[in-house]
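Data file: entry.txt. Format and content: compact mmCIF, C-alpha atoms and all ligand atoms.
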```txt
# COMPACT_ATOMS: atom_id res chain seq x y z
CA SER A 28 49.41 80.19 44.77
CA GLN A 29 50.65 83.46 43.36
CA ALA A 30 51.40 81.90 39.95
CA MET A 31 47.86 80.60 39.78
CA ARG A 32 46.48 83.99 40.75
CA ASP A 33 48.54 85.65 38.02
CA ASP A 34 47.08 83.23 35.47
CA VAL A 35 43.60 84.11 36.63
CA LEU A 36 44.35 87.80 36.43
CA ASP A 37 45.47 87.26 32.83
CA LEU A 38 42.21 85.46 32.07
CA ILE A 39 40.24 88.29 33.66
CA ARG A 40 42.15 90.83 31.57
CA GLU A 41 41.06 88.99 28.44
CA LEU A 42 37.37 89.39 29.34
CA PRO A 43 35.29 91.95 27.47
CA PRO A 44 35.96 95.40 28.97
CA GLU A 45 32.38 95.82 30.25
CA ILE A 46 32.72 92.66 32.33
CA GLY A 47 36.14 93.68 33.62
CA LEU A 48 34.71 97.03 34.65
CA LEU A 49 31.78 95.37 36.41
CA LEU A 50 34.15 93.11 38.38
CA ASP A 51 36.08 96.20 39.46
CA LYS A 52 32.89 97.86 40.67
CA ILE A 53 31.93 94.74 42.63
CA LYS A 54 35.40 94.76 44.18
CA GLU A 55 35.11 98.40 45.20
CA THR A 56 31.61 97.93 46.60
CA ALA A 57 32.61 94.89 48.65
CA ASP A 58 35.68 96.65 50.03
CA HIS A 59 33.66 99.76 50.76
CA LEU A 60 31.14 97.70 52.75
CA GLY A 61 33.93 95.70 54.36
CA ILE A 62 32.47 92.36 53.27
CA GLN A 63 33.68 89.42 51.17
CA ALA A 64 32.43 88.94 47.60
CA TYR A 65 33.03 85.90 45.39
CA LEU A 66 32.31 85.10 41.80
CA VAL A 67 30.94 81.54 41.72
CA GLY A 68 29.53 78.82 39.47
CA GLY A 69 29.36 78.70 35.68
CA PHE A 70 31.17 81.98 35.07
CA VAL A 71 34.27 80.76 36.91
CA ARG A 72 34.14 77.43 35.05
CA ASP A 73 33.83 79.18 31.69
CA LEU A 74 36.61 81.63 32.54
CA PHE A 75 39.03 78.71 32.89
CA LEU A 76 37.70 77.19 29.68
CA ARG A 77 38.25 80.55 27.97
CA LYS A 78 34.61 80.73 26.99
CA SER A 79 33.12 84.09 27.66
CA SER A 80 29.83 84.21 29.46
CA GLN A 81 27.43 87.06 30.17
CA ASP A 82 25.93 85.39 33.23
CA LEU A 83 27.67 86.28 36.46
CA ASP A 84 26.84 84.77 39.83
CA VAL A 85 28.20 86.52 42.86
CA VAL A 86 27.90 85.46 46.48
CA VAL A 87 28.35 88.16 49.07
CA GLU A 88 28.68 88.01 52.79
CA GLY A 89 25.50 89.28 54.38
CA ASP A 90 22.47 90.75 52.69
CA SER A 91 22.26 90.82 48.88
CA ASN A 92 19.92 93.83 48.89
CA SER A 93 22.26 96.16 50.71
CA PHE A 94 25.07 95.07 48.45
CA ALA A 95 22.98 95.57 45.30
CA ASN A 96 21.83 98.98 46.49
CA GLN A 97 25.44 100.09 46.92
CA LEU A 98 26.49 98.60 43.59
CA ILE A 99 23.79 100.28 41.52
CA GLU A 100 25.05 103.63 42.79
CA VAL A 101 28.22 103.10 40.77
CA VAL A 102 27.12 101.10 37.70
CA GLU A 103 24.54 101.84 35.05
CA VAL A 104 21.87 99.15 35.17
CA HIS A 105 18.96 98.30 32.93
CA LYS A 106 16.77 96.41 35.38
CA VAL A 107 16.92 95.26 38.99
CA VAL A 108 14.67 92.53 40.37
CA GLN A 109 14.69 91.42 43.98
CA HIS A 110 13.65 87.87 44.82
CA HIS A 111 12.85 88.11 48.48
CA GLN A 112 12.01 84.45 48.93
CA PHE A 113 15.50 83.42 47.75
CA GLY A 114 17.33 86.41 49.12
CA THR A 115 18.78 87.15 45.67
CA VAL A 116 18.92 90.18 43.41
CA LYS A 117 19.06 89.95 39.64
CA ILE A 118 20.57 92.84 37.74
CA THR A 119 20.40 93.17 33.97
CA PHE A 120 22.66 95.50 31.99
CA ARG A 121 22.01 97.12 28.63
CA ASP A 122 24.61 94.98 26.86
CA GLY A 123 22.77 91.81 27.93
CA THR A 124 24.98 90.95 30.89
CA HIS A 125 23.16 89.38 33.86
CA LEU A 126 24.40 89.56 37.41
CA ASP A 127 22.85 87.43 40.13
CA ILE A 128 23.75 88.41 43.64
CA ALA A 129 23.10 85.94 46.42
CA GLY A 130 23.54 86.88 50.03
CA SER A 131 24.87 84.49 52.54
CA ARG A 132 24.13 84.63 56.25
CA TRP A 133 27.58 83.24 56.77
CA GLU A 134 27.86 84.26 60.40
CA GLU A 135 24.82 82.14 61.26
CA TYR A 136 26.44 78.87 60.29
CA ASP A 137 28.72 77.31 62.77
CA PHE A 138 31.14 74.99 61.08
CA PRO A 139 33.84 73.53 63.25
CA GLY A 140 36.99 72.18 61.63
CA ALA A 141 40.39 73.05 60.35
CA LEU A 142 39.29 75.94 58.18
CA PRO A 143 41.03 79.27 58.63
CA THR A 144 37.97 81.42 59.19
CA ILE A 145 34.28 81.05 59.84
CA GLU A 146 33.66 83.03 56.69
CA GLU A 147 35.54 80.53 54.58
CA SER A 148 33.89 77.53 56.15
CA ASN A 149 30.55 78.97 55.20
CA LEU A 150 31.60 79.58 51.62
CA LYS A 151 32.64 75.95 51.57
CA GLU A 152 29.19 74.96 52.75
CA ASP A 153 27.58 77.19 50.11
CA LEU A 154 29.64 75.63 47.31
CA PHE A 155 28.94 72.11 48.57
CA ARG A 156 25.25 72.59 47.84
CA ARG A 157 25.99 72.94 44.13
CA ASP A 158 25.85 70.34 41.39
CA PHE A 159 29.33 69.51 40.07
CA THR A 160 32.93 70.17 41.07
CA VAL A 161 33.53 72.27 37.95
CA ASN A 162 30.61 74.49 39.00
CA ALA A 163 31.67 74.72 42.62
CA MET A 164 34.70 76.98 42.38
CA ALA A 165 34.82 80.56 43.58
CA LEU A 166 37.00 83.55 42.75
CA CYS A 167 37.59 86.16 45.39
CA LEU A 168 36.86 89.71 44.21
CA ASN A 169 38.05 91.76 47.18
CA ALA A 170 41.09 93.88 46.36
CA ASN A 171 43.56 92.14 48.66
CA ARG A 172 42.62 88.69 47.27
CA PHE A 173 41.35 89.65 43.81
CA GLY A 174 41.60 86.64 41.48
CA GLU A 175 42.32 84.11 44.20
CA VAL A 176 40.75 80.75 43.36
CA VAL A 177 38.78 78.94 46.03
CA ASP A 178 38.57 75.32 44.94
CA PHE A 179 37.61 73.00 47.79
CA TYR A 180 36.39 70.11 45.68
CA GLY A 181 38.88 69.62 42.88
CA GLY A 182 37.03 71.61 40.24
CA LEU A 183 40.23 72.65 38.48
CA ARG A 184 41.52 69.08 38.35
CA ASP A 185 38.21 67.93 36.83
CA LEU A 186 38.29 70.76 34.29
CA GLN A 187 41.76 69.64 33.25
CA GLN A 188 40.76 65.98 33.11
CA GLY A 189 37.50 66.82 31.38
CA GLU A 190 35.19 65.23 33.90
CA ILE A 191 31.77 66.05 35.30
CA ARG A 192 31.75 64.88 38.89
CA PHE A 193 29.12 65.32 41.58
CA LEU A 194 30.00 66.64 45.02
CA HIS A 195 28.23 64.03 47.10
CA ASN A 196 26.22 60.83 46.84
CA LEU A 197 22.82 62.38 47.44
CA SER A 198 23.21 65.01 44.75
CA PHE A 199 20.83 63.40 42.23
CA ILE A 200 18.36 62.31 44.87
CA GLU A 201 18.16 65.87 46.15
CA ASP A 202 17.84 67.37 42.70
CA PRO A 203 17.16 64.90 39.89
CA THR A 204 17.35 67.59 37.21
CA ARG A 205 21.10 67.44 37.79
CA MET A 206 21.17 64.16 35.88
CA ILE A 207 20.08 66.08 32.81
CA ARG A 208 22.53 68.87 33.59
CA ALA A 209 25.37 66.34 33.85
CA VAL A 210 24.67 65.18 30.30
CA ARG A 211 24.32 68.74 29.05
CA PHE A 212 27.67 69.86 30.47
CA ALA A 213 29.47 66.67 29.41
CA CYS A 214 28.31 66.99 25.80
CA ARG A 215 28.80 70.75 25.64
CA TYR A 216 32.42 70.59 26.74
CA HIS A 217 33.22 67.15 25.30
CA PHE A 218 33.79 65.92 28.86
CA LYS A 219 33.13 62.51 30.35
CA ILE A 220 30.80 61.94 33.26
CA ALA A 221 33.02 60.52 36.00
CA LYS A 222 32.47 56.85 36.74
CA VAL A 223 31.17 57.36 40.30
CA THR A 224 28.84 60.02 39.04
CA ARG A 225 27.52 57.81 36.24
CA GLU A 226 26.91 55.08 38.77
CA ALA A 227 25.05 57.49 41.01
CA ILE A 228 22.84 58.50 38.07
CA ASN A 229 21.99 54.87 37.45
CA THR A 230 21.27 54.29 41.12
CA ALA A 231 19.05 57.35 41.26
CA LEU A 232 17.21 56.19 38.14
CA GLN A 233 16.59 52.78 39.70
CA ALA A 234 15.10 54.61 42.68
CA ASN A 235 12.68 56.31 40.23
CA VAL A 236 13.75 59.84 41.10
CA LEU A 237 12.67 61.02 37.66
CA LEU A 238 9.11 60.90 38.93
CA LYS A 239 10.06 63.70 41.30
CA ILE A 240 10.82 66.12 38.46
CA SER A 241 7.87 68.41 37.81
CA LYS A 242 6.64 69.15 34.29
CA GLU A 243 7.95 72.68 34.66
CA ARG A 244 11.45 71.65 35.71
CA PHE A 245 11.80 69.11 32.92
CA THR A 246 10.50 71.58 30.34
CA GLU A 247 13.04 74.12 31.54
CA GLU A 248 15.83 71.58 31.14
CA LEU A 249 14.57 70.68 27.69
CA MET A 250 14.54 74.34 26.70
CA LEU A 251 18.15 74.62 27.85
CA ILE A 252 19.16 71.72 25.63
CA LEU A 253 17.54 72.89 22.40
CA PRO A 254 19.76 75.97 21.86
CA GLU A 255 22.95 73.97 22.43
CA GLN A 256 25.09 73.21 19.43
CA ALA A 257 25.50 69.58 20.55
CA TYR A 258 21.80 69.10 21.22
CA GLN A 259 21.51 65.92 19.16
CA LYS A 260 24.34 64.33 21.09
CA MET A 261 22.73 65.40 24.35
CA VAL A 262 19.43 63.85 23.43
CA ARG A 263 21.14 60.63 22.38
CA GLU A 264 23.10 60.54 25.65
CA LEU A 265 19.98 61.23 27.69
CA ALA A 266 18.24 58.40 25.88
CA ALA A 267 21.20 56.09 26.51
CA PHE A 268 20.80 56.73 30.24
CA GLY A 269 17.07 56.05 29.95
CA LEU A 270 16.33 59.67 30.78
CA MET A 271 13.93 60.30 27.90
CA LYS A 272 11.46 57.47 28.33
CA ASN A 273 9.69 59.19 31.16
CA TRP A 274 8.57 61.98 28.84
CA PHE A 275 8.61 60.37 25.44
CA GLY A 276 6.72 57.28 26.53
CA ARG A 277 9.14 54.83 24.97
CA GLU A 278 12.77 54.36 24.16
CA PHE A 279 13.82 57.33 22.18
CA ALA A 280 14.92 56.78 18.63
CA TRP A 281 16.93 59.39 16.81
CA ASN A 282 15.82 59.70 13.22
CA LEU A 283 17.78 62.62 11.89
CA ALA A 284 20.81 61.96 9.76
CA GLU A 285 21.99 65.59 9.85
CA SER A 286 25.33 66.43 11.40
CA GLU A 287 25.82 68.89 14.24
CA GLU A 288 27.05 71.38 11.69
CA GLU A 289 23.87 71.11 9.61
CA VAL A 290 21.56 71.38 12.59
CA LYS A 291 23.42 74.31 14.14
CA ASP A 292 21.28 76.98 12.52
CA TRP A 293 17.90 75.37 13.06
CA ASP A 294 15.60 77.40 15.23
CA LEU A 295 14.32 76.00 18.55
CA GLU A 296 11.00 75.03 17.04
CA LYS A 297 12.60 72.98 14.30
CA LYS A 298 15.06 71.36 16.70
CA TRP A 299 12.16 70.38 18.93
CA LEU A 300 9.99 69.02 16.13
CA GLY A 301 13.03 67.15 14.84
CA LEU A 302 12.94 65.09 18.04
CA LEU A 303 9.38 64.00 17.36
CA ILE A 304 9.80 62.50 13.94
CA SER A 305 9.71 58.91 15.11
CA LEU A 306 6.58 59.45 17.22
CA GLU A 307 2.99 58.98 16.12
CA ASN A 308 0.51 61.82 16.57
CA ASP A 309 -1.14 60.38 19.66
CA GLU A 310 2.29 59.81 21.20
CA ILE A 311 3.18 63.43 20.52
CA ARG A 312 -0.01 64.57 22.22
CA ALA A 313 0.91 62.42 25.22
CA VAL A 314 4.38 64.02 25.31
CA LEU A 315 2.77 67.46 25.31
CA ASP A 316 0.67 66.45 28.32
CA ARG A 317 3.87 65.69 30.20
CA LEU A 318 5.42 69.08 29.42
CA ALA A 319 4.65 72.62 30.46
CA PHE A 320 5.30 74.35 27.15
CA THR A 321 4.64 77.97 26.39
CA LYS A 322 1.58 78.66 24.26
CA SER A 323 3.74 79.23 21.22
CA MET A 324 5.72 75.96 21.48
CA LEU A 325 2.45 74.15 22.09
CA LYS A 326 0.89 75.72 19.03
CA HIS A 327 3.91 74.91 16.82
CA THR A 328 3.75 71.29 17.90
CA LEU A 329 0.01 70.95 17.40
CA ASP A 330 0.24 72.67 13.99
CA TYR A 331 2.91 70.19 13.01
CA VAL A 332 0.75 67.27 14.11
CA ALA A 333 -2.20 68.73 12.21
CA VAL A 334 -0.27 69.20 8.97
CA ARG A 335 1.13 65.69 9.22
CA SER A 336 -2.38 64.29 9.63
CA LYS A 337 -3.74 66.28 6.72
CA LEU A 338 -0.90 65.17 4.47
CA ARG A 339 -1.53 61.54 5.36
CA ALA A 340 -5.23 62.03 4.76
CA ALA A 341 -4.64 63.75 1.41
CA GLY A 342 -3.69 60.43 -0.17
CA ASP A 343 -4.60 60.57 -3.86
CA CYS A 344 -5.66 64.18 -3.79
CA PRO A 345 -2.50 66.28 -3.90
CA GLN A 346 -4.48 69.55 -3.88
CA GLU A 347 -5.62 68.80 -0.36
CA GLY A 348 -2.02 68.25 0.67
CA TYR A 349 -0.96 71.49 -1.05
CA ALA A 350 -3.59 73.42 0.88
CA ALA A 351 -2.28 71.90 4.13
CA LEU A 352 1.32 72.79 3.28
CA PHE A 353 0.51 76.29 2.15
CA GLY A 354 2.03 78.86 4.49
CA VAL A 355 3.95 76.27 6.52
CA LYS A 356 7.50 77.45 7.21
CA GLU A 357 10.17 76.09 4.92
CA GLY A 358 12.09 74.55 7.82
CA ILE A 359 9.07 72.59 8.91
CA VAL A 360 8.30 71.44 5.38
CA ASP A 361 11.89 70.25 5.29
CA LEU A 362 11.28 68.17 8.44
CA LEU A 363 8.02 66.73 7.13
CA LYS A 364 9.93 65.57 4.08
CA LYS A 365 11.90 63.22 6.27
CA HIS A 366 8.84 60.98 6.42
CA GLU A 367 9.24 58.56 3.52
CA ASP A 368 5.50 58.32 2.97
CA LEU A 369 5.03 62.09 2.77
CA ARG A 370 8.03 62.91 0.63
CA PRO A 371 6.49 62.42 -2.86
CA LEU A 372 3.57 64.70 -2.05
CA ILE A 373 5.85 67.37 -0.59
CA GLU A 374 8.20 67.21 -3.55
CA SER A 375 5.35 67.68 -5.97
CA TYR A 376 4.17 70.63 -3.86
CA GLN A 377 7.59 72.22 -4.10
CA GLN A 378 7.58 71.62 -7.86
CA ALA A 379 4.17 73.24 -8.14
CA LEU A 380 5.41 76.24 -6.15
CA GLN A 381 8.27 76.67 -8.58
CA ASN A 382 6.12 76.34 -11.67
CA LEU A 383 3.50 78.69 -10.42
CA LYS A 384 2.48 81.25 -13.07
CA MET A 385 0.76 83.76 -10.80
CA THR A 386 0.86 87.21 -12.37
CA ILE A 387 -1.14 89.41 -10.01
CA ARG A 388 0.99 91.51 -7.68
CA GLY A 389 0.28 93.77 -4.74
CA SER A 390 0.54 96.81 -7.00
CA ASP A 391 -2.35 95.45 -9.13
CA LEU A 392 -4.52 95.24 -6.04
CA LEU A 393 -3.64 98.79 -5.01
CA ALA A 394 -4.52 99.95 -8.52
CA ALA A 395 -7.86 98.12 -8.21
CA GLY A 396 -8.63 100.26 -5.18
CA ILE A 397 -7.76 97.94 -2.28
CA PRO A 398 -6.27 100.15 0.42
CA GLU A 399 -2.79 99.42 1.70
CA GLY A 400 -2.89 96.99 4.62
CA PRO A 401 -3.18 93.33 5.57
CA GLU A 402 -6.06 92.74 3.16
CA ILE A 403 -3.61 92.92 0.24
CA GLY A 404 -1.58 90.08 1.70
CA ARG A 405 -4.68 88.01 2.34
CA ILE A 406 -5.91 88.35 -1.23
CA LEU A 407 -2.49 87.51 -2.70
CA GLN A 408 -2.37 84.38 -0.55
CA ASP A 409 -5.83 83.44 -1.63
CA ILE A 410 -4.88 83.69 -5.33
CA HIS A 411 -1.60 81.92 -4.68
CA LEU A 412 -3.38 78.99 -3.09
CA ALA A 413 -5.96 78.91 -5.88
CA TRP A 414 -3.14 78.47 -8.42
CA LEU A 415 -1.55 75.74 -6.31
CA THR A 416 -4.70 73.77 -5.84
CA GLY A 417 -5.67 74.00 -9.49
CA LYS A 418 -8.67 76.32 -9.05
CA ILE A 419 -6.83 78.67 -11.39
CA SER A 420 -4.85 77.33 -14.31
CA ASP A 421 -4.47 80.30 -16.67
CA PHE A 422 -4.48 84.09 -16.74
CA GLU A 423 -8.10 84.31 -17.75
CA GLU A 424 -9.13 82.28 -14.71
CA GLU A 425 -6.80 84.27 -12.53
CA ARG A 426 -8.44 87.51 -13.56
CA ASN A 427 -11.94 86.13 -13.01
CA TYR A 428 -10.94 84.83 -9.64
CA LEU A 429 -9.70 88.27 -8.60
CA LEU A 430 -12.86 89.92 -9.89
CA GLN A 431 -14.92 87.57 -7.75
CA ILE A 432 -12.89 88.48 -4.69
CA LEU A 433 -13.24 92.18 -5.39
CA LYS A 434 -16.98 91.76 -5.86
CA ARG A 435 -17.31 89.84 -2.60
CA ASN A 436 -15.25 92.53 -0.87
CA SER A 437 -17.34 95.44 -2.09
CA GLU A 438 -20.55 93.59 -1.17
CA GLY A 439 -19.06 92.97 2.25
CA SER A 440 -18.15 96.61 2.80
CA THR A 441 -21.49 98.05 1.68
CA LYS A 442 -23.43 95.74 4.01
N1 LIG A 501 23.13 74.70 40.27
C1 LIG A 501 23.01 73.52 41.00
N2 LIG A 501 22.00 72.65 40.75
C2 LIG A 501 21.07 72.94 39.79
C3 LIG A 501 21.17 74.12 39.05
C4 LIG A 501 22.22 74.98 39.31
O1 LIG A 501 23.83 73.26 41.85
N3 LIG A 501 20.08 72.08 39.56
C5 LIG A 501 24.26 75.63 40.56
C6 LIG A 501 25.51 75.32 39.80
O2 LIG A 501 26.60 75.51 40.65
C7 LIG A 501 25.56 76.36 38.70
C8 LIG A 501 24.83 77.55 39.34
O3 LIG A 501 23.89 76.95 40.24
O4 LIG A 501 26.86 76.68 38.32
C9 LIG A 501 24.12 78.43 38.35
O5 LIG A 501 23.16 77.69 37.63
P1 LIG A 501 22.93 77.90 36.07
O6 LIG A 501 22.92 79.33 35.77
O7 LIG A 501 21.80 77.05 35.66
O8 LIG A 501 24.21 77.15 35.53
P2 LIG A 501 25.49 77.53 34.75
O9 LIG A 501 26.54 76.67 35.35
O10 LIG A 501 25.74 78.97 34.65
O11 LIG A 501 25.14 76.87 33.35
P3 LIG A 501 24.97 77.50 31.88
O12 LIG A 501 26.38 77.66 31.39
O13 LIG A 501 24.23 76.43 31.15
O14 LIG A 501 24.22 78.76 32.04
```

Can I see the file as structure tokens?
Amino acid sequence: SQAMRDDVLDLIRELPPEIGLLLDKIKETADHLGIQAYLVGGFVRDLFLRKSSQDLDVVVEGDSNSFANQLIEVVEVHKVVQHHQFGTVKITFRDGTHLDIAGSRWEEYDFPGALPTIEESNLKEDLFRRDFTVNAMALCLNANRFGEVVDFYGGLRDLQQGEIRFLHNLSFIEDPTRMIRAVRFACRYHFKIAKVTREAINTALQANVLLKISKERFTEELMLILPEQAYQKMVRELAAFGLMKNWFGREFAWNLAESEEEVKDWDLEKKWLGLLISLENDEIRAVLDRLAFTKSMLKHTLDYVAVRSKLRAAGDCPQEGYAALFGVKEGIVDLLKKHEDLRPLIESYQQALQNLKMTIRGSDLLAAGIPEGPEIGRILQDIHLAWLTGKISDFEEERNYLLQILKRNSEGSTK
């Protein structure tokens, strides 16, 4: 309806100017080529929720490459990548906006029925292949229909009711990662998962579809959950569905008492390690085998496991524990402290750090002839650790310790 379209135009006017400008350029390009162009998916959903997004998905009639080639004549782009196998083009802009253009060989489909045009029936088909009704709306960008909502599946109704609803019964069988996405969207927007959809998730789980998710796909989904503000709730929900067991090896137990607010600023690494608190080291290693982490996430996790082991092994010898904790990021030390058995040792380490009487500074090392560079940092750390572990307990010993280092260094360099 016209009233609806006016509302949408208002929402579009409230978008950041760069995005508004980009939509105009897409409109002009589509009209110039005489083809239809639609904004689809998450951007449309978020527009109605008044959440701004920098990820735009556009479906155009015909070939995405020809469209992209026309578009980049009139907009300033940062990077253009063509994915031939999917027939899509990804454009990145300097301000961080991403535009995905998918082509649609609409004229090749032949969809009989009561739909006004072939073109529209094929858009309907395209949207039907998506995950949830709220993600399956389109907005026409051509000038004569600019801002017109195409909502075949009740996406707007579900947005208003706050429900995540699949489009068809086979949705989760076809793509089991959608079960995880359902939880992510529901928690992010404080929506419910519609009853039929919940039932379909349970049915799919009984049919063991989780086994069809590759390591890579699950890891991707996991990495989409960690940055979310409601990530704890998501993990709890996933566990309630029985969606975590497959990767965590047993029923997942949440051990963090922190509120969403407190966890909000944790980095990804800390949020991830926070999930592992209730797992033993060998269980964590088994989880890692089921994931396809990047080298850096893998290293963080293994470092965490190693420090935890060393602290347990330190037992009556706090100095050993101090050496293990030395250099570990504050956030991670904070997590380790959540283990009752490790807390006393970590607290005494933190005390020791505060009481440290180290006097030697970088400037002293420069004055002693050490050239500026990483070596200065290494020596300071070495002295720092020597204080912590009790190798040095007064200034006299500190000075001797430094002299030894300097001696070793000069022997090393004359060799
Ligand atoms: N999609 C799908 N099934 C999937 C993944 C994606 O149907 N397993 C569809 C959805 O329609 C989605 C669109 O592809 O809207 C784009 O996917 P993505 O960028 O992952 O989703 P967004 O909805 O933009 O989610 P987010 O806000 O988390 O970026």

Practice problem: Show which residues sit within 10 Å of range 301-317 of chain A, as a PyMOL selection string. Count only C-alpha atoms, and ignore same-chain residues fewer than 6 positions away. | Solution: chain A and resi 241-243+245-246+259+262+273-277+279-283+290+293+295+324-325+328-329+331-333+335-336+359+362-363+365-366

Contact table chain A vs ligand LIG 501 (chain A), cut-off 6 Å, shortest pair per residue, only C-alpha atoms and all ligand atoms, as a Markdown table:
```
| residue | atom | partner | partner_atom | distance |
| --- | --- | --- | --- | --- |
| A:Gly68 | CA | A:LIG501 | O4 | 3.6 |
| A:Gly69 | CA | A:LIG501 | O9 | 3.5 |
| A:Arg157 | CA | A:LIG501 | O1 | 3.2 |
| A:Asp158 | CA | A:LIG501 | O1 | 3.6 |
| A:Asn162 | CA | A:LIG501 | O4 | 4.4 |
| A:Ala163 | CA | A:LIG501 | O2 | 5.5 |
| A:Thr204 | CA | A:LIG501 | N3 | 5.8 |
| A:Arg205 | CA | A:LIG501 | N3 | 5.1 |
```

Exercise. Tell me which protein, DNA and RNA residues are within 12 Å of range 370-372 of chain A, counting only C-alpha atoms, leaving out same-chain ones fewer than 2 positions away, and put them as JSON, numbers by chain.
Key: {"A": [335, 337, 338, 339, 340, 341, 342, 343, 344, 345, 346, 347, 348, 349, 350, 351, 352, 360, 361, 362, 363, 364, 365, 366, 367, 368, 374, 375, 376, 377, 378, 379]}

Practice problem: Fewer than 3 positions away in the same chain doesn't count, so skip those; otherwise give me all residues within 9 Å of Gln81 in chain A, counting all atoms listed in the file, as a count of residues only. | Solution: 6

Show which residues sit within 8 Å of Asn196 in chain A, as a CSV table (one decimal) with C-alpha atoms, in the coordinates of the input. Count all atoms listed in the file, and ignore same-chain residues fewer than 3 positions away.
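Result file follows (selection20.csv):
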```csv
chain,number,residue,atom,x,y,z
A,193,PHE,CA,29.1,65.3,41.6
A,199,PHE,CA,20.8,63.4,42.2
A,227,ALA,CA,25.0,57.5,41.0
```

Kindly provide, as AutoDock Vina command-line options, the centre and edge lengths (Å, one decimal) of an axis-aligned box around all atoms of range 43-46 of chain A given in the file, with 5 Å on each side.
```
--center_x 34.2 --center_y 93.9 --center_z 29.9 --size_x 13.6 --size_y 13.9 --size_z 14.9
```

Quiz item: At what distance in Å, to one decimal, does CA of Asn171 in chain A lie from CA of Ala30 in chain A?
Solution: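 If I compute the distance from CA of Ala30 in chain A to CA of Asn171 in chain A, I get 15.6 Å.
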
Exercise. Compare A:Ala64, A:Leu183, A:Arg211, A:Ile410 by their minimum atom-to-atom distance to Gly89 in chain A, counting all atoms listed in the file, and give me the closest one.
Key: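 Using all atoms listed in the file, the shortest distance to Gly89 in chain A belongs to A:Ala64.
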
Quiz prompt | Within 12 Å of Pro43 in chain A using all atoms listed in the file, minus same-chain residues under 2 positions, as a PyMOL selection string | solution = chain A and resi 38-41+45-50+74+77-81+122+124

Exercise. Find the distance between CA of Glu399 in chain A and CA of Gln381 in chain A and write it in Å to one decimal.
Key: 27.3 Å

Quiz prompt | Given all atoms listed in the file as the counted atoms, nearest of A:Ile118, A:Val176, A:Val67, A:Leu60 to Val35 in chain A | solution =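 Residue with the minimum atom-to-atom distance to Val35 in chain A: A:Val176.
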
Exercise. Can you work out the spacing between CA of Lys356 in chain A and CA of Glu289 in chain A in Å, to one decimal?
Key: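 Atom-to-atom, CA of Lys356 in chain A and CA of Glu289 in chain A are spaced 17.7 Å apart.
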
Regenerate range 183-194 of chain A at the level of N, CA and C atoms and dump it as a PDB file, in the frame of the given file.
```pdb
ATOM      1  N   LEU A 183      39.204  72.384  39.492  1.00  0.00           N
ATOM      2  CA  LEU A 183      40.230  72.650  38.480  1.00  0.00           C
ATOM      3  C   LEU A 183      40.790  71.353  37.905  1.00  0.00           C
ATOM      4  N   ARG A 184      41.019  70.389  38.801  1.00  0.00           N
ATOM      5  CA  ARG A 184      41.520  69.080  38.350  1.00  0.00           C
ATOM      6  C   ARG A 184      40.506  68.475  37.358  1.00  0.00           C
ATOM      7  N   ASP A 185      39.216  68.527  37.701  1.00  0.00           N
ATOM      8  CA  ASP A 185      38.210  67.930  36.830  1.00  0.00           C
ATOM      9  C   ASP A 185      38.074  68.688  35.502  1.00  0.00           C
ATOM     10  N   LEU A 186      38.297  69.993  35.549  1.00  0.00           N
ATOM     11  CA  LEU A 186      38.290  70.760  34.290  1.00  0.00           C
ATOM     12  C   LEU A 186      39.425  70.282  33.404  1.00  0.00           C
ATOM     13  N   GLN A 187      40.600  70.080  34.030  1.00  0.00           N
ATOM     14  CA  GLN A 187      41.760  69.640  33.250  1.00  0.00           C
ATOM     15  C   GLN A 187      41.559  68.231  32.708  1.00  0.00           C
ATOM     16  N   GLN A 188      40.975  67.358  33.549  1.00  0.00           N
ATOM     17  CA  GLN A 188      40.760  65.980  33.110  1.00  0.00           C
ATOM     18  C   GLN A 188      39.526  65.842  32.224  1.00  0.00           C
ATOM     19  N   GLY A 189      38.721  66.894  32.169  1.00  0.00           N
ATOM     20  CA  GLY A 189      37.500  66.820  31.380  1.00  0.00           C
ATOM     21  C   GLY A 189      36.469  65.893  31.984  1.00  0.00           C
ATOM     22  N   GLU A 190      36.167  66.102  33.254  1.00  0.00           N
ATOM     23  CA  GLU A 190      35.190  65.230  33.900  1.00  0.00           C
ATOM     24  C   GLU A 190      34.104  66.015  34.645  1.00  0.00           C
ATOM     25  N   ILE A 191      32.891  65.500  34.531  1.00  0.00           N
ATOM     26  CA  ILE A 191      31.770  66.050  35.300  1.00  0.00           C
ATOM     27  C   ILE A 191      31.592  65.136  36.500  1.00  0.00           C
ATOM     28  N   ARG A 192      31.784  65.697  37.679  1.00  0.00           N
ATOM     29  CA  ARG A 192      31.750  64.880  38.890  1.00  0.00           C
ATOM     30  C   ARG A 192      30.860  65.550  39.930  1.00  0.00           C
ATOM     31  N   PHE A 193      29.981  64.757  40.529  1.00  0.00           N
ATOM     32  CA  PHE A 193      29.120  65.320  41.580  1.00  0.00           C
ATOM     33  C   PHE A 193      29.925  65.609  42.846  1.00  0.00           C
ATOM     34  N   LEU A 194      29.292  66.298  43.791  1.00  0.00           N
ATOM     35  CA  LEU A 194      30.000  66.640  45.020  1.00  0.00           C
ATOM     36  C   LEU A 194      29.720  65.648  46.132  1.00  0.00           C
TER      37      LEU A 194
END
```
